[in-house]
$ cat my_file.pdb   # PDB, C-alpha atoms
ATOM      1  CA  MET A 215       3.574  47.888  20.260  1.00  0.00           C
ATOM      2  CA  GLN A 216       5.106  44.546  19.268  1.00  0.00           C
ATOM      3  CA  SER A 217       3.614  41.357  20.684  1.00  0.00           C
ATOM      4  CA  HIS A 218       5.747  38.249  21.238  1.00  0.00           C
ATOM      5  CA  ILE A 219       4.762  34.654  21.884  1.00  0.00           C
ATOM      6  CA  HIS A 220       6.682  33.464  24.920  1.00  0.00           C
ATOM      7  CA  HIS A 221       4.821  30.281  25.823  1.00  0.00           C
ATOM      8  CA  PRO A 222       6.055  27.216  23.820  1.00  0.00           C
ATOM      9  CA  LEU A 223       2.579  25.576  23.813  1.00  0.00           C
ATOM     10  CA  ILE A 224       1.004  28.675  22.241  1.00  0.00           C
ATOM     11  CA  LEU A 225       3.784  28.734  19.648  1.00  0.00           C
ATOM     12  CA  LEU A 226       3.189  25.037  18.828  1.00  0.00           C
ATOM     13  CA  VAL A 227      -0.565  25.619  18.408  1.00  0.00           C
ATOM     14  CA  ALA A 228       0.121  28.610  16.154  1.00  0.00           C
ATOM     15  CA  ILE A 229       2.514  26.637  13.932  1.00  0.00           C
ATOM     16  CA  THR A 230       0.130  23.650  13.773  1.00  0.00           C
ATOM     17  CA  GLY A 231      -2.726  25.948  12.789  1.00  0.00           C
ATOM     18  CA  LEU A 232      -0.676  27.415   9.940  1.00  0.00           C
ATOM     19  CA  ALA A 233       0.228  23.918   8.723  1.00  0.00           C
ATOM     20  CA  LEU A 234      -3.406  22.760   8.832  1.00  0.00           C
ATOM     21  CA  PHE A 235      -4.821  25.725   6.952  1.00  0.00           C
ATOM     22  CA  SER A 236      -2.092  26.152   4.343  1.00  0.00           C
ATOM     23  CA  THR A 237      -3.165  24.807   0.941  1.00  0.00           C
ATOM     24  CA  PRO A 238      -0.614  22.728  -0.960  1.00  0.00           C
ATOM     25  CA  SER A 239      -0.499  23.162  -4.712  1.00  0.00           C
ATOM     26  CA  ILE A 240      -1.392  19.932  -6.497  1.00  0.00           C
ATOM     27  CA  SER A 241      -0.637  19.466 -10.172  1.00  0.00           C
ATOM     28  CA  SER A 242      -3.164  17.702 -12.388  1.00  0.00           C
ATOM     29  CA  ASP A 243      -0.988  14.616 -12.745  1.00  0.00           C
ATOM     30  CA  THR A 244      -0.362  14.250  -9.007  1.00  0.00           C
ATOM     31  CA  HIS A 245      -2.069  11.329  -7.291  1.00  0.00           C
ATOM     32  CA  GLN A 246      -2.552  11.189  -3.532  1.00  0.00           C
ATOM     33  CA  SER A 247      -3.942   8.542  -1.215  1.00  0.00           C
ATOM     34  CA  ILE A 248      -4.598   8.336   2.500  1.00  0.00           C
ATOM     35  CA  SER A 249      -2.814   5.378   4.050  1.00  0.00           C
ATOM     36  CA  PRO A 250      -4.908   3.377   6.517  1.00  0.00           C
ATOM     37  CA  ILE A 251      -3.579   2.653   9.994  1.00  0.00           C
ATOM     38  CA  THR A 252      -2.757  -1.033  10.336  1.00  0.00           C
ATOM     39  CA  VAL A 253      -3.263  -2.598  13.755  1.00  0.00           C
ATOM     40  CA  LYS A 254      -1.467  -5.921  14.207  1.00  0.00           C
ATOM     41  CA  SER A 255      -3.651  -8.813  15.254  1.00  0.00           C
ATOM     42  CA  ALA A 256      -2.858 -10.975  18.291  1.00  0.00           C
ATOM     43  CA  LYS A 257      -1.992 -13.790  15.879  1.00  0.00           C
ATOM     44  CA  GLU A 258       0.568 -11.649  14.052  1.00  0.00           C
ATOM     45  CA  ASN A 259       2.122 -10.453  17.314  1.00  0.00           C
ATOM     46  CA  SER A 260       2.576 -14.106  18.336  1.00  0.00           C
ATOM     47  CA  LEU A 261       4.575 -14.914  15.182  1.00  0.00           C
ATOM     48  CA  PRO A 262       8.375 -14.960  15.454  1.00  0.00           C
ATOM     49  CA  GLN A 263      10.075 -11.770  14.364  1.00  0.00           C
ATOM     50  CA  LEU A 264      12.406 -12.428  11.444  1.00  0.00           C
ATOM     51  CA  TRP A 265      14.903 -10.298   9.533  1.00  0.00           C
ATOM     52  CA  ASP A 266      15.940 -10.769   5.923  1.00  0.00           C
ATOM     53  CA  VAL A 267      19.666 -11.355   5.359  1.00  0.00           C
ATOM     54  CA  LYS A 268      21.827 -11.744   2.268  1.00  0.00           C
ATOM     55  CA  ILE A 269      24.492 -14.479   2.259  1.00  0.00           C
ATOM     56  CA  ASN A 270      26.598 -15.206  -0.826  1.00  0.00           C
ATOM     57  CA  GLY A 271      24.168 -13.348  -3.045  1.00  0.00           C
ATOM     58  CA  ARG A 272      21.043 -15.166  -1.805  1.00  0.00           C
ATOM     59  CA  TYR A 273      18.413 -14.072   0.693  1.00  0.00           C
ATOM     60  CA  GLY A 274      17.073 -15.846   3.754  1.00  0.00           C
ATOM     61  CA  TYR A 275      15.821 -14.942   7.251  1.00  0.00           C
ATOM     62  CA  ILE A 276      17.251 -14.988  10.755  1.00  0.00           C
ATOM     63  CA  ASP A 277      15.517 -14.692  14.135  1.00  0.00           C
ATOM     64  CA  ARG A 278      16.425 -12.270  16.929  1.00  0.00           C
ATOM     65  CA  ASN A 279      19.188 -14.625  18.141  1.00  0.00           C
ATOM     66  CA  GLY A 280      20.848 -14.684  14.723  1.00  0.00           C
ATOM     67  CA  LYS A 281      19.697 -18.249  14.032  1.00  0.00           C
ATOM     68  CA  LEU A 282      19.064 -18.981  10.359  1.00  0.00           C
ATOM     69  CA  VAL A 283      15.343 -19.806  10.122  1.00  0.00           C
ATOM     70  CA  VAL A 284      14.927 -19.645   6.334  1.00  0.00           C
ATOM     71  CA  LYS A 285      17.966 -20.770   4.350  1.00  0.00           C
ATOM     72  CA  PRO A 286      19.434 -18.318   1.805  1.00  0.00           C
ATOM     73  CA  GLN A 287      17.667 -19.564  -1.323  1.00  0.00           C
ATOM     74  CA  LEU A 288      15.801 -16.505  -2.572  1.00  0.00           C
ATOM     75  CA  ASP A 289      16.811 -13.929  -5.170  1.00  0.00           C
ATOM     76  CA  TYR A 290      15.242 -11.200  -3.038  1.00  0.00           C
ATOM     77  CA  ALA A 291      13.329 -11.063   0.252  1.00  0.00           C
ATOM     78  CA  SER A 292      11.394  -8.314   2.010  1.00  0.00           C
ATOM     79  CA  SER A 293      10.094  -7.719   5.530  1.00  0.00           C
ATOM     80  CA  PHE A 294       7.044  -9.551   6.875  1.00  0.00           C
ATOM     81  CA  TYR A 295       3.654  -7.830   6.950  1.00  0.00           C
ATOM     82  CA  GLU A 296       0.546  -9.593   8.210  1.00  0.00           C
ATOM     83  CA  GLY A 297       2.490 -12.854   8.437  1.00  0.00           C
ATOM     84  CA  LEU A 298       3.689 -12.895   4.817  1.00  0.00           C
ATOM     85  CA  ALA A 299       6.763 -11.563   3.010  1.00  0.00           C
ATOM     86  CA  GLN A 300       7.271 -10.791  -0.669  1.00  0.00           C
ATOM     87  CA  VAL A 301      10.037 -12.891  -2.197  1.00  0.00           C
ATOM     88  CA  GLN A 302      11.589 -13.169  -5.629  1.00  0.00           C
ATOM     89  CA  VAL A 303      12.513 -16.504  -7.197  1.00  0.00           C
ATOM     90  CA  GLY A 304      14.027 -16.071 -10.630  1.00  0.00           C
ATOM     91  CA  GLU A 305      12.013 -13.403 -12.432  1.00  0.00           C
ATOM     92  CA  LYS A 306       8.779 -13.959 -10.487  1.00  0.00           C
ATOM     93  CA  TRP A 307       7.425 -12.797  -7.133  1.00  0.00           C
ATOM     94  CA  GLY A 308       5.404 -14.656  -4.510  1.00  0.00           C
ATOM     95  CA  TYR A 309       4.947 -14.806  -0.722  1.00  0.00           C
ATOM     96  CA  ILE A 310       6.336 -16.962   2.089  1.00  0.00           C
ATOM     97  CA  ASP A 311       5.241 -17.495   5.684  1.00  0.00           C
ATOM     98  CA  HIS A 312       7.472 -17.449   8.789  1.00  0.00           C
ATOM     99  CA  THR A 313       8.554 -21.059   8.251  1.00  0.00           C
ATOM    100  CA  GLY A 314       9.896 -20.270   4.789  1.00  0.00           C
ATOM    101  CA  LYS A 315       7.072 -22.103   3.028  1.00  0.00           C
ATOM    102  CA  LEU A 316       5.956 -20.586  -0.285  1.00  0.00           C
ATOM    103  CA  VAL A 317       2.275 -20.044   0.483  1.00  0.00           C
ATOM    104  CA  ILE A 318       1.628 -18.022  -2.695  1.00  0.00           C
ATOM    105  CA  LYS A 319       3.851 -19.392  -5.444  1.00  0.00           C
ATOM    106  CA  PRO A 320       6.058 -16.973  -7.450  1.00  0.00           C
ATOM    107  CA  GLN A 321       3.869 -15.999 -10.398  1.00  0.00           C
ATOM    108  CA  PHE A 322       3.803 -12.195 -10.407  1.00  0.00           C
ATOM    109  CA  ASP A 323       6.002  -9.727 -12.275  1.00  0.00           C
ATOM    110  CA  ASN A 324       5.849  -7.377  -9.292  1.00  0.00           C
ATOM    111  CA  CYS A 325       3.969  -7.206  -6.003  1.00  0.00           C
ATOM    112  CA  ASP A 326       3.499  -5.175  -2.850  1.00  0.00           C
ATOM    113  CA  ARG A 327       3.180  -6.013   0.849  1.00  0.00           C
ATOM    114  CA  PHE A 328      -0.099  -7.154   2.378  1.00  0.00           C
ATOM    115  CA  LEU A 329      -2.238  -4.492   3.999  1.00  0.00           C
ATOM    116  CA  ASN A 330      -5.524  -5.332   5.740  1.00  0.00           C
ATOM    117  CA  GLY A 331      -5.591  -8.737   4.050  1.00  0.00           C
ATOM    118  CA  PHE A 332      -4.925  -7.589   0.472  1.00  0.00           C
ATOM    119  CA  ALA A 333      -1.886  -6.998  -1.743  1.00  0.00           C
ATOM    120  CA  LYS A 334      -1.518  -5.451  -5.186  1.00  0.00           C
ATOM    121  CA  VAL A 335       0.273  -7.519  -7.821  1.00  0.00           C
ATOM    122  CA  GLU A 336       1.381  -7.017 -11.417  1.00  0.00           C
ATOM    123  CA  VAL A 337       0.943  -9.512 -14.260  1.00  0.00           C
ATOM    124  CA  ALA A 338       1.878  -8.630 -17.857  1.00  0.00           C
ATOM    125  CA  LYS A 339       2.096  -4.888 -17.061  1.00  0.00           C
ATOM    126  CA  LYS A 340      -1.400  -4.804 -15.512  1.00  0.00           C
ATOM    127  CA  TRP A 341      -2.185  -4.503 -11.808  1.00  0.00           C
ATOM    128  CA  GLY A 342      -4.710  -6.426  -9.728  1.00  0.00           C
ATOM    129  CA  ILE A 343      -5.338  -7.281  -6.067  1.00  0.00           C
ATOM    130  CA  ILE A 344      -5.085 -10.663  -4.299  1.00  0.00           C
ATOM    131  CA  ASP A 345      -6.189 -11.832  -0.868  1.00  0.00           C
ATOM    132  CA  SER A 346      -3.935 -13.706   1.572  1.00  0.00           C
ATOM    133  CA  SER A 347      -4.757 -17.048  -0.068  1.00  0.00           C
ATOM    134  CA  GLY A 348      -3.438 -15.781  -3.411  1.00  0.00           C
ATOM    135  CA  LYS A 349      -6.898 -15.547  -4.972  1.00  0.00           C
ATOM    136  CA  PHE A 350      -7.561 -12.550  -7.225  1.00  0.00           C
ATOM    137  CA  VAL A 351     -10.092 -10.131  -5.753  1.00  0.00           C
ATOM    138  CA  VAL A 352      -9.425  -7.648  -8.576  1.00  0.00           C
ATOM    139  CA  LYS A 353      -8.106  -9.229 -11.776  1.00  0.00           C
ATOM    140  CA  PRO A 354      -4.994  -7.625 -13.352  1.00  0.00           C
ATOM    141  CA  GLN A 355      -6.512  -5.055 -15.715  1.00  0.00           C
ATOM    142  CA  PHE A 356      -5.372  -1.641 -14.508  1.00  0.00           C
ATOM    143  CA  ASP A 357      -2.333   0.456 -15.405  1.00  0.00           C
ATOM    144  CA  SER A 358      -2.029   1.527 -11.777  1.00  0.00           C
ATOM    145  CA  LEU A 359      -3.875   1.031  -8.514  1.00  0.00           C
ATOM    146  CA  GLU A 360      -3.662   1.765  -4.811  1.00  0.00           C
ATOM    147  CA  ALA A 361      -4.467  -0.257  -1.689  1.00  0.00           C
ATOM    148  CA  PHE A 362      -8.010  -0.578  -0.375  1.00  0.00           C
ATOM    149  CA  VAL A 363      -9.003   2.310   1.891  1.00  0.00           C
ATOM    150  CA  ASN A 364     -12.462   2.287   3.474  1.00  0.00           C
ATOM    151  CA  GLY A 365     -13.600  -0.478   1.125  1.00  0.00           C
ATOM    152  CA  PHE A 366     -12.424   1.078  -2.152  1.00  0.00           C
ATOM    153  CA  ALA A 367      -9.203   1.063  -4.153  1.00  0.00           C
ATOM    154  CA  LEU A 368      -8.139   3.769  -6.577  1.00  0.00           C
ATOM    155  CA  VAL A 369      -7.503   2.354 -10.063  1.00  0.00           C
ATOM    156  CA  ALA A 370      -6.236   3.883 -13.288  1.00  0.00           C
ATOM    157  CA  ILE A 371      -6.668   3.069 -16.950  1.00  0.00           C
ATOM    158  CA  GLY A 372      -4.293   5.251 -18.920  1.00  0.00           C
ATOM    159  CA  LYS A 373      -4.258   8.580 -17.073  1.00  0.00           C
ATOM    160  CA  LYS A 374      -7.842   8.402 -15.767  1.00  0.00           C
ATOM    161  CA  TRP A 375      -8.685   7.349 -12.203  1.00  0.00           C
ATOM    162  CA  GLY A 376     -11.714   5.550 -10.776  1.00  0.00           C
ATOM    163  CA  PHE A 377     -12.575   3.120  -7.966  1.00  0.00           C
ATOM    164  CA  VAL A 378     -13.175  -0.610  -7.425  1.00  0.00           C
ATOM    165  CA  ASP A 379     -14.824  -2.035  -4.317  1.00  0.00           C
ATOM    166  CA  ASN A 380     -13.369  -4.867  -2.230  1.00  0.00           C
ATOM    167  CA  LYS A 381     -15.475  -7.410  -4.150  1.00  0.00           C
ATOM    168  CA  GLY A 382     -13.589  -6.469  -7.324  1.00  0.00           C
ATOM    169  CA  LYS A 383     -16.502  -4.593  -8.882  1.00  0.00           C
ATOM    170  CA  LEU A 384     -15.775  -1.358 -10.766  1.00  0.00           C
ATOM    171  CA  ALA A 385     -17.729   1.048  -8.572  1.00  0.00           C
ATOM    172  CA  ILE A 386     -16.786   4.299 -10.355  1.00  0.00           C
ATOM    173  CA  LYS A 387     -15.298   3.994 -13.837  1.00  0.00           C
ATOM    174  CA  PRO A 388     -11.942   5.733 -14.461  1.00  0.00           C
ATOM    175  CA  GLN A 389     -12.825   9.268 -15.541  1.00  0.00           C
ATOM    176  CA  PHE A 390     -10.924  11.619 -13.241  1.00  0.00           C
ATOM    177  CA  ASP A 391      -7.579  13.318 -13.917  1.00  0.00           C
ATOM    178  CA  SER A 392      -6.612  12.734 -10.283  1.00  0.00           C
ATOM    179  CA  ALA A 393      -8.311  11.436  -7.144  1.00  0.00           C
ATOM    180  CA  TRP A 394      -7.826  10.816  -3.436  1.00  0.00           C
ATOM    181  CA  SER A 395      -8.951   7.755  -1.484  1.00  0.00           C
ATOM    182  CA  PHE A 396     -12.336   7.720   0.258  1.00  0.00           C
ATOM    183  CA  PHE A 397     -12.518   9.319   3.685  1.00  0.00           C
ATOM    184  CA  GLU A 398     -15.784   9.665   5.625  1.00  0.00           C
ATOM    185  CA  ASN A 399     -17.722   8.412   2.560  1.00  0.00           C
ATOM    186  CA  LEU A 400     -16.353  11.060   0.192  1.00  0.00           C
ATOM    187  CA  ALA A 401     -13.407  11.143  -2.225  1.00  0.00           C
ATOM    188  CA  ALA A 402     -11.838  14.254  -3.717  1.00  0.00           C
ATOM    189  CA  VAL A 403     -11.586  14.074  -7.516  1.00  0.00           C
ATOM    190  CA  GLN A 404     -10.169  16.328 -10.208  1.00  0.00           C
ATOM    191  CA  ILE A 405     -11.445  17.027 -13.727  1.00  0.00           C
ATOM    192  CA  GLY A 406      -9.312  19.491 -15.674  1.00  0.00           C
ATOM    193  CA  ARG A 407      -8.236  22.176 -13.232  1.00  0.00           C
ATOM    194  CA  LYS A 408     -11.262  21.786 -10.923  1.00  0.00           C
ATOM    195  CA  TRP A 409     -11.685  19.651  -7.796  1.00  0.00           C
ATOM    196  CA  GLY A 410     -14.902  18.269  -6.323  1.00  0.00           C
ATOM    197  CA  PHE A 411     -16.161  15.287  -4.319  1.00  0.00           C
ATOM    198  CA  VAL A 412     -17.901  12.013  -5.157  1.00  0.00           C
ATOM    199  CA  ASP A 413     -19.732   9.668  -2.792  1.00  0.00           C
ATOM    200  CA  ASN A 414     -19.458   5.911  -2.989  1.00  0.00           C
TER     201      ASN A 414
END
$ encode --input "my_file.pdb" --output "structure tokens"
Amino acid sequence: MQSHIHHPLILLVAITGLALFSTPSISSDTHQSISPITVKSAKENSLPQLWDVKINGRYGYIDRNGKLVVKPQLDYASSFYEGLAQVQVGEKWGYIDHTGKLVIKPQFDNCDRFLNGFAKVEVAKKWGIIDSSGKFVVKPQFDSLEAFVNGFALVAIGKKWGFVDNKGKLAIKPQFDSAWSFFENLAAVQIGRKWGFVDN
């Protein structure tokens, strides 16, 4: 006798269960990280919402009424995160606030948005992490790195991964072929074809 699932809720639970228990195949050179949830502070919510615009080949920002708040003077501009936006002036990258003031002067070869008070930046083909004042928390020394998650950031030297803490100290030297960010005080790591877990 064939059984059929008629109730949509039961069908949804069945599909979700299959998705949760299916195991994805992960190659040895694949790197994964768990992105933290960012909750905007009251201060950030009180800041004016601005949109980047391009006029005559230069970037600036307008408010919700279309008023030009930051004059088109930038070679590239991104969206605001945590009150700061990545901008390019010439060949270098820095950060501006909502008034258009360069609060972290263009000095990086590449950079990422701020997340939980930190941003990753590239100098001379090495990556580091700065705080919102522009001070290096992790000096540029890694070939690759990820954002801080639960107090640790994944870092790579060559093709080996390890972890630094949010004080910039190398907590676990790069030795893994792949790794995931810390979650509930454990991080999944790969050596060769085998996976295991490390604590902090």
$ closest_atom_pairs --input "my_file.pdb" --of "range 309-330 of chain A" --to "range 264-287 of chain A" --cutoff "10 Å" --atoms "only C-alpha atoms" --output "JSON lines"
{"residue": "A:Ile310", "atom": "CA", "partner": "A:Val284", "partner_atom": "CA", "distance": 10.0}
{"residue": "A:Asp311", "atom": "CA", "partner": "A:Val284", "partner_atom": "CA", "distance": 9.9}
{"residue": "A:His312", "atom": "CA", "partner": "A:Leu264", "partner_atom": "CA", "distance": 7.5}
{"residue": "A:Thr313", "atom": "CA", "partner": "A:Val284", "partner_atom": "CA", "distance": 6.8}
{"residue": "A:Gly314", "atom": "CA", "partner": "A:Val284", "partner_atom": "CA", "distance": 5.3}
{"residue": "A:Lys315", "atom": "CA", "partner": "A:Val284", "partner_atom": "CA", "distance": 8.9}
$ atom_distance --input "my_file.pdb" --atom1 "CA of Phe396 in chain A" --atom2 "CA of Gly410 in chain A"
12.7 Å
$ atom_distance --input "my_file.pdb" --atom1 "CA of Phe294 in chain A" --atom2 "CA of Ile344 in chain A"
16.5 Å
$ atom_distance --input "my_file.pdb" --atom1 "CA of Phe328 in chain A" --atom2 "CA of Asn399 in chain A"
23.5 Å
$ closest_residue --input "my_file.pdb" --among "A:Asp289, A:Gly406, A:Trp375, A:Gln355" --to "Ala393 in chain A" --atoms "only C-alpha atoms"
A:Trp375
$ axis_aligned_box --input "my_file.pdb" --around "range 353-362 of chain A" --padding-each-side "6 Å" --output "JSON"
{"center_x": -5.1, "center_y": -3.7, "center_z": -8.0, "size_x": 18.1, "size_y": 23.0, "size_z": 27.3}
$ resolve_selection --input "my_file.pdb" --expression "the PyMOL selection byres ((chain A and resi 388) around 12)" --output "JSON, numbers by chain"
{"A": [356, 357, 358, 359, 367, 368, 369, 370, 371, 372, 373, 374, 375, 376, 377, 378, 384, 385, 386, 387, 389, 390, 391, 392, 393, 403, 404, 405]}
$ write_last_selection --input "my_file.pdb" --atoms "C-alpha atoms" --output "short mmCIF file (atom, residue, chain, number, x, y, z; two decimals), in the frame of the given file"
data_model
loop_
_atom_site.label_atom_id
_atom_site.label_comp_id
_atom_site.auth_asym_id
_atom_site.auth_seq_id
_atom_site.Cartn_x
_atom_site.Cartn_y
_atom_site.Cartn_z
CA PHE A 356 -5.37 -1.64 -14.51
CA ASP A 357 -2.33 0.46 -15.40
CA SER A 358 -2.03 1.53 -11.78
CA LEU A 359 -3.88 1.03 -8.51
CA ALA A 367 -9.20 1.06 -4.15
CA LEU A 368 -8.14 3.77 -6.58
CA VAL A 369 -7.50 2.35 -10.06
CA ALA A 370 -6.24 3.88 -13.29
CA ILE A 371 -6.67 3.07 -16.95
CA GLY A 372 -4.29 5.25 -18.92
CA LYS A 373 -4.26 8.58 -17.07
CA LYS A 374 -7.84 8.40 -15.77
CA TRP A 375 -8.68 7.35 -12.20
CA GLY A 376 -11.71 5.55 -10.78
CA PHE A 377 -12.58 3.12 -7.97
CA VAL A 378 -13.18 -0.61 -7.42
CA LEU A 384 -15.78 -1.36 -10.77
CA ALA A 385 -17.73 1.05 -8.57
CA ILE A 386 -16.79 4.30 -10.36
CA LYS A 387 -15.30 3.99 -13.84
CA GLN A 389 -12.82 9.27 -15.54
CA PHE A 390 -10.92 11.62 -13.24
CA ASP A 391 -7.58 13.32 -13.92
CA SER A 392 -6.61 12.73 -10.28
CA ALA A 393 -8.31 11.44 -7.14
CA VAL A 403 -11.59 14.07 -7.52
CA GLN A 404 -10.17 16.33 -10.21
CA ILE A 405 -11.44 17.03 -13.73
#
$ residues_around --input "my_file.pdb" --residues "Asn380 in chain A" --least-positions-apart "6" --cutoff "9 Å" --atoms "all atoms listed in the file" --output "PyMOL selection string"
chain A and resi 351-352+362+365-367
$ resolve_selection --input "my_file.pdb" --expression "the PyMOL selection byres ((chain A and resi 298) around 12)" --output "number ranges by chain"
A: 258, 261-264, 291-297, 299-301, 308-318, 326-333, 345-348
$ resolve_selection --input "my_file.pdb" --expression "the PyMOL selection byres ((chain A and resi 322) around 9)" --output "ChimeraX atom specification"
/A:305-308,319-321,323-325,335-338
$ residues_near_point --input "my_file.pdb" --point "(-14.7, 15.8, -1.2)" --cutoff "6 Å" --atoms "all atoms listed in the file" --output "JSON, numbers by chain"
{"A": [400, 401, 402, 410, 411]}
